[in-house]
Amino acid sequence: MRHIINKIVLATSLLFLAASCDNSDYEFDNLIPEWHHRVASIQDAPDGEVKLYDIDVESEMTFSVLRTGSDPFLAASVGLESMTQEELTTYNSQYMLVDPSYYTVEHTLSFDSGEAYKKVSAVFTAESVRKLKAQIATLEEGMSYCVALKISDIGNCSVYADKSYILRKVVITKPKLEITGSVESIESNPAAIDAAAYPEIELTLNMDTDNIWDFDCRVEYNPALVDQYNAKYGTSYQKLSADNVEIENADVTFVSGENAGQSIAKLKMKNPSSLGKYLIPIEVKHDIFIGDTYYLILDDEIHLREDMLSAPFHVSYDGQGLKGLIDDDPKTFWHTPYKDPYYYDKEYGHWFQIKFDRKLDHQMRIKYGTRNEPRTMPWTIQLWASTDDGITWESVAYLDNDKGASLPGRNASWESSVFDFPSKGVTNLRFCVLRIENKGNRDNNREMCGVYFNNGNSPACTGLIEFKIWAR
């Protein structure tokens, strides 16, 4: 082992002495080819997109050119120029070259001693962008305009061939001011909230591209958008009075170099006097940039839990019990008895009951869904309210299809109108199915739950796949 180490030390010493000799072929600089002393390359990906903005300001396409090589202290220069259409076609036959007269860019990039890179900008005037936009409109389908630039050796700096060019497909648009709320919501399916449960919602603004401008914008409630939304999505949301909507810090400032607004707007809403489903469009307003819109639904849905529900029976042989009403699964359901032990109540029929977390003294509406199953659809229903935790009951609504109630058939959803609550404050609600539609049986084809037997085998019963309530 000692013999091997001595040989390595001797060889290293001889190499060091050789490299130390003046004008030796073994000098460090002479060991590296001349072309490798100074090398330039484009740092960015060769292919991509550039967004140019159709507004009355300049737009930029930026990229970086690196200066590397064995001696970073040598000055270096490279040329920068547009490709020809013929050159561009060799890379992508669906690209049309953007005329280099549409932008200004440095044609010689000079690196000082120790300078590692340069940021390059190709600058488009607003007029050039408008002209280019008009040209893009005339292109055949599948074709695109492209800015194509390349760097070249002009005498004292080599160029790395694989990183010597940059192609950017042109996309002309306007910057967009995006708005995000502290309650997550999307346009096609807005979040539904109760104003009392969300007294304040924070609204954050961001630009969807690198911001190079100083400007102010404003956050506003725009009820005029409700009609447009309803037409687009086939909905029937109501407009909330502007008196019920307040936005604090509605004016938001943006500064160049920062994509986020300098302040957070705050949305505050008050419940309207009438129960309903109100769409709240909150819009970003700016004279030039595209403003995003944030949508909420002001709704008074009471999110039912299983511990809020009760019934005088439990059916284990069909359905999922009361949970089947509130699990948002159309394949599950609540069913009433049709096997022993049977259940019959002359006044209330087959029913379940809700115990509210707080007293409700204003209004309510309900929604339920029927099964795709014959002989279970409610034909007559009644809603009872209690103001004393279920000791006494007061009728709130009686709905009978024989009297034009329009309760649905099988595999359907039904939503009620708005009913007033007793002013004392409701603690409990009882939903009662008195009769069902059951064609081919007695009593004018309508059967009272728990009474008449279908073909002598089982009593009339009902089943629902969902139940929802909105109340205040």
# chains A, B, ... in the order shown; residues from 1 in each chain; ligands from 1
>>> residues_around(residues="Gly349 of chain A", least_positions_apart="5", cutoff="10 Å", atoms="only C-alpha atoms", output="PyMOL selection string")
chain A and resi 343-344+380-382+431-435+448-451+461
>>> residues_around(residues="segment 264-271 of chain A", least_positions_apart="3", cutoff="6 Å", atoms="only C-alpha atoms", output="ChimeraX atom specification")
/A:195,199-204,244-250
>>> write_last_selection(atoms="all heavy atoms", output="tab-separated table (two decimals), in the first residue's frame")
chain	number	residue	atom	x	y	z
A	195	ALA	N	-76.17	34.52	6.22
A	195	ALA	CA	-75.46	35.74	6.58
A	195	ALA	C	-75.15	35.80	8.07
A	195	ALA	O	-74.11	36.34	8.47
A	195	ALA	CB	-76.27	36.97	6.16
A	199	PRO	N	-70.68	36.56	9.27
A	199	PRO	CA	-70.84	38.02	9.35
A	199	PRO	C	-69.83	38.80	8.51
A	199	PRO	O	-70.07	39.95	8.16
A	199	PRO	CB	-70.65	38.31	10.84
A	199	PRO	CG	-69.85	37.16	11.36
A	199	PRO	CD	-70.28	35.97	10.57
A	200	GLU	N	-68.72	38.16	8.16
A	200	GLU	CA	-67.69	38.85	7.37
A	200	GLU	C	-66.93	37.85	6.50
A	200	GLU	O	-66.52	36.80	6.98
A	200	GLU	CB	-66.72	39.58	8.30
A	200	GLU	CG	-65.65	40.38	7.60
A	200	GLU	CD	-64.77	41.12	8.60
A	200	GLU	OE1	-65.23	42.16	9.13
A	200	GLU	OE2	-63.65	40.66	8.86
A	201	ILE	N	-66.78	38.18	5.23
A	201	ILE	CA	-66.04	37.33	4.30
A	201	ILE	C	-64.92	38.16	3.69
A	201	ILE	O	-65.16	39.25	3.15
A	201	ILE	CB	-66.96	36.79	3.19
A	201	ILE	CG1	-68.02	35.87	3.81
A	201	ILE	CG2	-66.16	36.03	2.14
A	201	ILE	CD1	-69.08	35.42	2.84
A	202	GLU	N	-63.70	37.67	3.79
A	202	GLU	CA	-62.55	38.39	3.23
A	202	GLU	C	-62.42	38.11	1.74
A	202	GLU	O	-62.59	36.98	1.28
A	202	GLU	CB	-61.26	37.98	3.95
A	202	GLU	CG	-61.22	38.41	5.41
A	202	GLU	CD	-59.88	38.12	6.05
A	202	GLU	OE1	-59.11	37.30	5.51
A	202	GLU	OE2	-59.59	38.72	7.12
A	203	LEU	N	-62.11	39.17	0.99
A	203	LEU	CA	-61.97	39.08	-0.46
A	203	LEU	C	-60.55	39.51	-0.84
A	203	LEU	O	-60.15	40.64	-0.60
A	203	LEU	CB	-62.99	39.98	-1.15
A	203	LEU	CG	-64.46	39.72	-0.80
A	203	LEU	CD1	-65.35	40.80	-1.39
A	203	LEU	CD2	-64.90	38.34	-1.29
A	204	THR	N	-59.81	38.58	-1.45
A	204	THR	CA	-58.42	38.82	-1.84
A	204	THR	C	-58.32	38.94	-3.35
A	204	THR	O	-58.90	38.13	-4.08
A	204	THR	CB	-57.52	37.67	-1.34
A	204	THR	OG1	-57.68	37.52	0.06
A	204	THR	CG2	-56.06	37.96	-1.65
A	244	ASN	N	-78.60	45.54	1.79
A	244	ASN	CA	-78.20	44.39	2.60
A	244	ASN	C	-76.76	43.97	2.38
A	244	ASN	O	-76.30	42.98	2.96
A	244	ASN	CB	-79.12	43.19	2.31
A	244	ASN	CG	-80.53	43.40	2.78
A	244	ASN	OD1	-81.27	44.18	2.20
A	244	ASN	ND2	-80.92	42.73	3.86
A	245	VAL	N	-76.05	44.70	1.53
A	245	VAL	CA	-74.67	44.34	1.20
A	245	VAL	C	-73.74	45.53	1.48
A	245	VAL	O	-74.01	46.65	1.04
A	245	VAL	CB	-74.52	43.92	-0.28
A	245	VAL	CG1	-73.09	43.54	-0.60
A	245	VAL	CG2	-75.47	42.77	-0.60
A	246	GLU	N	-72.67	45.26	2.18
A	246	GLU	CA	-71.67	46.30	2.47
A	246	GLU	C	-70.28	45.72	2.17
A	246	GLU	O	-70.00	44.57	2.53
A	246	GLU	CB	-71.75	46.73	3.93
A	246	GLU	CG	-70.71	47.75	4.34
A	246	GLU	CD	-70.70	48.04	5.83
A	246	GLU	OE1	-71.54	47.46	6.56
A	246	GLU	OE2	-69.83	48.83	6.27
A	247	ILE	N	-69.44	46.50	1.52
A	247	ILE	CA	-68.06	46.08	1.25
A	247	ILE	C	-67.11	47.10	1.85
A	247	ILE	O	-67.08	48.26	1.43
A	247	ILE	CB	-67.80	45.91	-0.26
A	247	ILE	CG1	-68.75	44.87	-0.85
A	247	ILE	CG2	-66.34	45.50	-0.50
A	247	ILE	CD1	-68.61	44.69	-2.34
A	248	GLU	N	-66.35	46.68	2.83
A	248	GLU	CA	-65.33	47.54	3.42
A	248	GLU	C	-64.03	47.41	2.63
A	248	GLU	O	-63.74	46.37	2.06
A	248	GLU	CB	-65.08	47.15	4.88
A	248	GLU	CG	-66.23	47.45	5.82
A	248	GLU	CD	-65.87	47.14	7.27
A	248	GLU	OE1	-64.75	46.65	7.52
A	248	GLU	OE2	-66.73	47.38	8.14
A	249	ASN	N	-63.24	48.47	2.61
A	249	ASN	CA	-61.97	48.49	1.86
A	249	ASN	C	-62.20	48.11	0.40
A	249	ASN	O	-61.46	47.31	-0.18
A	249	ASN	CB	-60.95	47.54	2.48
A	249	ASN	CG	-60.69	47.83	3.94
A	249	ASN	OD1	-60.73	48.97	4.38
A	249	ASN	ND2	-60.45	46.78	4.71
A	250	ALA	N	-63.26	48.67	-0.19
A	250	ALA	CA	-63.64	48.30	-1.55
A	250	ALA	C	-62.62	48.75	-2.59
A	250	ALA	O	-62.51	48.14	-3.66
A	250	ALA	CB	-65.01	48.89	-1.88
>>> residues_around(residues="segment 233-237 of chain A", least_positions_apart="2", cutoff="6 Å", atoms="only C-alpha atoms", output="tab-separated table (two decimals) with N, CA and C atoms, in the first residue's frame")
chain	number	residue	atom	x	y	z
A	230	ASN	N	-78.71	33.66	-14.21
A	230	ASN	CA	-79.89	32.79	-14.33
A	230	ASN	C	-80.10	32.33	-15.77
A	231	ALA	N	-79.86	33.24	-16.72
A	231	ALA	CA	-80.01	32.88	-18.14
A	231	ALA	C	-78.95	31.87	-18.56
A	277	LYS	N	-83.75	32.50	-2.08
A	277	LYS	CA	-82.41	32.09	-2.52
A	277	LYS	C	-81.85	33.25	-3.33
A	278	TYR	N	-80.87	33.93	-2.76
A	278	TYR	CA	-80.33	35.16	-3.33
A	278	TYR	C	-78.92	34.93	-3.84
A	279	LEU	N	-78.67	35.31	-5.08
A	279	LEU	CA	-77.33	35.23	-5.65
A	279	LEU	C	-76.61	36.55	-5.40
>>> select_by_dssp(residues="segment 229-382 of chain A", states="alpha helix (DSSP H)", output="number ranges by chain")
A: 229-233, 323-326
>>> write_last_selection(atoms="N, CA, C and O atoms", output="short mmCIF file (atom, residue, chain, number, x, y, z; two decimals), in the first residue's frame")
data_model
loop_
_atom_site.label_atom_id
_atom_site.label_comp_id
_atom_site.auth_asym_id
_atom_site.auth_seq_id
_atom_site.Cartn_x
_atom_site.Cartn_y
_atom_site.Cartn_z
N TYR A 229 -76.67 35.47 -14.93
CA TYR A 229 -76.34 34.17 -14.36
C TYR A 229 -77.51 33.20 -14.53
O TYR A 229 -77.33 32.05 -14.94
N ASN A 230 -78.71 33.66 -14.21
CA ASN A 230 -79.89 32.79 -14.33
C ASN A 230 -80.10 32.33 -15.77
O ASN A 230 -80.45 31.18 -16.02
N ALA A 231 -79.86 33.24 -16.72
CA ALA A 231 -80.01 32.88 -18.14
C ALA A 231 -78.95 31.87 -18.56
O ALA A 231 -79.22 30.95 -19.34
N LYS A 232 -77.75 32.01 -18.04
CA LYS A 232 -76.65 31.13 -18.42
C LYS A 232 -76.81 29.72 -17.83
O LYS A 232 -76.56 28.72 -18.52
N TYR A 233 -77.23 29.63 -16.57
CA TYR A 233 -77.25 28.34 -15.88
C TYR A 233 -78.65 27.79 -15.67
O TYR A 233 -78.81 26.71 -15.08
N LYS A 323 -80.95 8.58 8.52
CA LYS A 323 -79.71 9.01 7.89
C LYS A 323 -79.85 9.09 6.38
O LYS A 323 -79.22 9.92 5.71
N GLY A 324 -80.71 8.23 5.81
CA GLY A 324 -80.91 8.23 4.36
C GLY A 324 -81.53 9.50 3.83
O GLY A 324 -81.48 9.76 2.62
N LEU A 325 -82.11 10.33 4.71
CA LEU A 325 -82.69 11.60 4.28
C LEU A 325 -81.65 12.70 4.10
O LEU A 325 -81.89 13.67 3.37
N ILE A 326 -80.52 12.60 4.78
CA ILE A 326 -79.61 13.75 4.91
C ILE A 326 -78.18 13.47 4.47
O ILE A 326 -77.30 14.29 4.67
#
>>> residues_around(residues="Val315 of chain A", least_positions_apart="5", cutoff="9 Å", atoms="only C-alpha atoms", output="ChimeraX atom specification")
/A:320-321,334-339
>>> select_by_dssp(residues="segment 87-237 of chain A", states="strand (DSSP E or B)", output="ChimeraX atom specification")
/A:95-97,103-104,108-111,117-124,144-153,158-159,165-173,176-181,186,189,191-193,201-207,215-221
>>> atom_distance(atom1="atom CA of Gln94 of chain A", atom2="atom CA of Met143 of chain A")
4.8 Å
>>> closest_atom_pairs(of="segment 210-249 of chain A", to="segment 51-62 of chain A", cutoff="12 Å", atoms="only C-alpha atoms", output="JSON lines")
{"residue": "A:Asp210", "atom": "CA", "partner": "A:Lys51", "partner_atom": "CA", "distance": 10.4}
{"residue": "A:Asn211", "atom": "CA", "partner": "A:Ser59", "partner_atom": "CA", "distance": 11.2}
{"residue": "A:Ile212", "atom": "CA", "partner": "A:Ser59", "partner_atom": "CA", "distance": 9.4}
{"residue": "A:Trp213", "atom": "CA", "partner": "A:Val57", "partner_atom": "CA", "distance": 9.4}
>>> write_last_selection(atoms="N, CA, C and O atoms", output="PDB file, in the first residue's frame")
ATOM      1  N   ASP A 210     -47.641  38.424 -14.243  1.00  0.00           N
ATOM      2  CA  ASP A 210     -46.698  39.295 -13.542  1.00  0.00           C
ATOM      3  C   ASP A 210     -47.136  40.745 -13.695  1.00  0.00           C
ATOM      4  O   ASP A 210     -47.267  41.258 -14.812  1.00  0.00           O
ATOM      5  N   ASN A 211     -47.360  41.395 -12.579  1.00  0.00           N
ATOM      6  CA  ASN A 211     -47.890  42.755 -12.612  1.00  0.00           C
ATOM      7  C   ASN A 211     -46.758  43.766 -12.832  1.00  0.00           C
ATOM      8  O   ASN A 211     -45.796  43.814 -12.072  1.00  0.00           O
ATOM      9  N   ILE A 212     -46.917  44.591 -13.852  1.00  0.00           N
ATOM     10  CA  ILE A 212     -45.909  45.622 -14.141  1.00  0.00           C
ATOM     11  C   ILE A 212     -46.525  47.021 -14.068  1.00  0.00           C
ATOM     12  O   ILE A 212     -45.944  47.984 -14.556  1.00  0.00           O
ATOM     13  N   TRP A 213     -47.702  47.106 -13.421  1.00  0.00           N
ATOM     14  CA  TRP A 213     -48.395  48.386 -13.384  1.00  0.00           C
ATOM     15  C   TRP A 213     -48.707  48.820 -11.950  1.00  0.00           C
ATOM     16  O   TRP A 213     -48.858  47.993 -11.053  1.00  0.00           O
TER      17      TRP A 213
END
>>> residues_around(residues="Tyr91 of chain A", least_positions_apart="3", cutoff="12 Å", atoms="only C-alpha atoms", output="number ranges by chain")
A: 46-47, 83-88, 94-97, 146, 148, 165-168
>>> write_last_selection(atoms="N, CA and C atoms", output="PDB file, in the first residue's frame")
ATOM      1  N   PRO A  46     -36.862  26.256 -24.623  1.00  0.00           N
ATOM      2  CA  PRO A  46     -36.864  26.694 -26.023  1.00  0.00           C
ATOM      3  C   PRO A  46     -38.255  27.054 -26.553  1.00  0.00           C
ATOM      4  N   ASP A  47     -39.287  26.331 -26.126  1.00  0.00           N
ATOM      5  CA  ASP A  47     -40.629  26.537 -26.671  1.00  0.00           C
ATOM      6  C   ASP A  47     -41.589  26.927 -25.558  1.00  0.00           C
ATOM      7  N   MET A  83     -35.051  34.752 -36.140  1.00  0.00           N
ATOM      8  CA  MET A  83     -34.954  33.710 -37.156  1.00  0.00           C
ATOM      9  C   MET A  83     -35.656  34.188 -38.424  1.00  0.00           C
ATOM     10  N   THR A  84     -35.414  33.500 -39.495  1.00  0.00           N
ATOM     11  CA  THR A  84     -36.203  33.690 -40.718  1.00  0.00           C
ATOM     12  C   THR A  84     -37.397  32.738 -40.664  1.00  0.00           C
ATOM     13  N   GLN A  85     -38.359  32.961 -41.542  1.00  0.00           N
ATOM     14  CA  GLN A  85     -39.501  32.060 -41.594  1.00  0.00           C
ATOM     15  C   GLN A  85     -39.055  30.642 -41.952  1.00  0.00           C
ATOM     16  N   GLU A  86     -38.062  30.542 -42.837  1.00  0.00           N
ATOM     17  CA  GLU A  86     -37.576  29.217 -43.220  1.00  0.00           C
ATOM     18  C   GLU A  86     -36.969  28.487 -42.020  1.00  0.00           C
ATOM     19  N   GLU A  87     -36.190  29.209 -41.229  1.00  0.00           N
ATOM     20  CA  GLU A  87     -35.603  28.582 -40.040  1.00  0.00           C
ATOM     21  C   GLU A  87     -36.690  28.165 -39.052  1.00  0.00           C
ATOM     22  N   LEU A  88     -37.661  29.044 -38.852  1.00  0.00           N
ATOM     23  CA  LEU A  88     -38.725  28.733 -37.896  1.00  0.00           C
ATOM     24  C   LEU A  88     -39.522  27.504 -38.327  1.00  0.00           C
ATOM     25  N   GLN A  94     -46.360  24.962 -38.132  1.00  0.00           N
ATOM     26  CA  GLN A  94     -47.597  25.695 -37.871  1.00  0.00           C
ATOM     27  C   GLN A  94     -47.344  27.073 -37.253  1.00  0.00           C
ATOM     28  N   TYR A  95     -46.080  27.482 -37.233  1.00  0.00           N
ATOM     29  CA  TYR A  95     -45.731  28.798 -36.709  1.00  0.00           C
ATOM     30  C   TYR A  95     -45.503  29.783 -37.849  1.00  0.00           C
ATOM     31  N   MET A  96     -46.075  30.964 -37.699  1.00  0.00           N
ATOM     32  CA  MET A  96     -45.791  32.084 -38.589  1.00  0.00           C
ATOM     33  C   MET A  96     -44.927  33.077 -37.829  1.00  0.00           C
ATOM     34  N   LEU A  97     -43.871  33.566 -38.468  1.00  0.00           N
ATOM     35  CA  LEU A  97     -42.920  34.435 -37.800  1.00  0.00           C
ATOM     36  C   LEU A  97     -43.515  35.815 -37.554  1.00  0.00           C
ATOM     37  N   CYS A 146     -45.491  33.467 -33.945  1.00  0.00           N
ATOM     38  CA  CYS A 146     -44.430  33.101 -33.003  1.00  0.00           C
ATOM     39  C   CYS A 146     -43.288  34.103 -33.079  1.00  0.00           C
ATOM     40  N   ALA A 148     -39.499  34.376 -32.701  1.00  0.00           N
ATOM     41  CA  ALA A 148     -38.397  33.415 -32.781  1.00  0.00           C
ATOM     42  C   ALA A 148     -37.071  34.165 -32.785  1.00  0.00           C
ATOM     43  N   TYR A 165     -31.667  29.234 -29.058  1.00  0.00           N
ATOM     44  CA  TYR A 165     -32.860  29.862 -29.640  1.00  0.00           C
ATOM     45  C   TYR A 165     -34.005  29.830 -28.630  1.00  0.00           C
ATOM     46  N   ILE A 166     -35.004  30.690 -28.881  1.00  0.00           N
ATOM     47  CA  ILE A 166     -36.200  30.719 -28.057  1.00  0.00           C
ATOM     48  C   ILE A 166     -37.397  31.006 -28.961  1.00  0.00           C
ATOM     49  N   LEU A 167     -38.444  30.178 -28.825  1.00  0.00           N
ATOM     50  CA  LEU A 167     -39.673  30.312 -29.612  1.00  0.00           C
ATOM     51  C   LEU A 167     -40.827  30.576 -28.656  1.00  0.00           C
ATOM     52  N   ARG A 168     -41.597  31.622 -28.930  1.00  0.00           N
ATOM     53  CA  ARG A 168     -42.723  31.940 -28.075  1.00  0.00           C
ATOM     54  C   ARG A 168     -43.988  32.192 -28.917  1.00  0.00           C
TER      55      ARG A 168
END
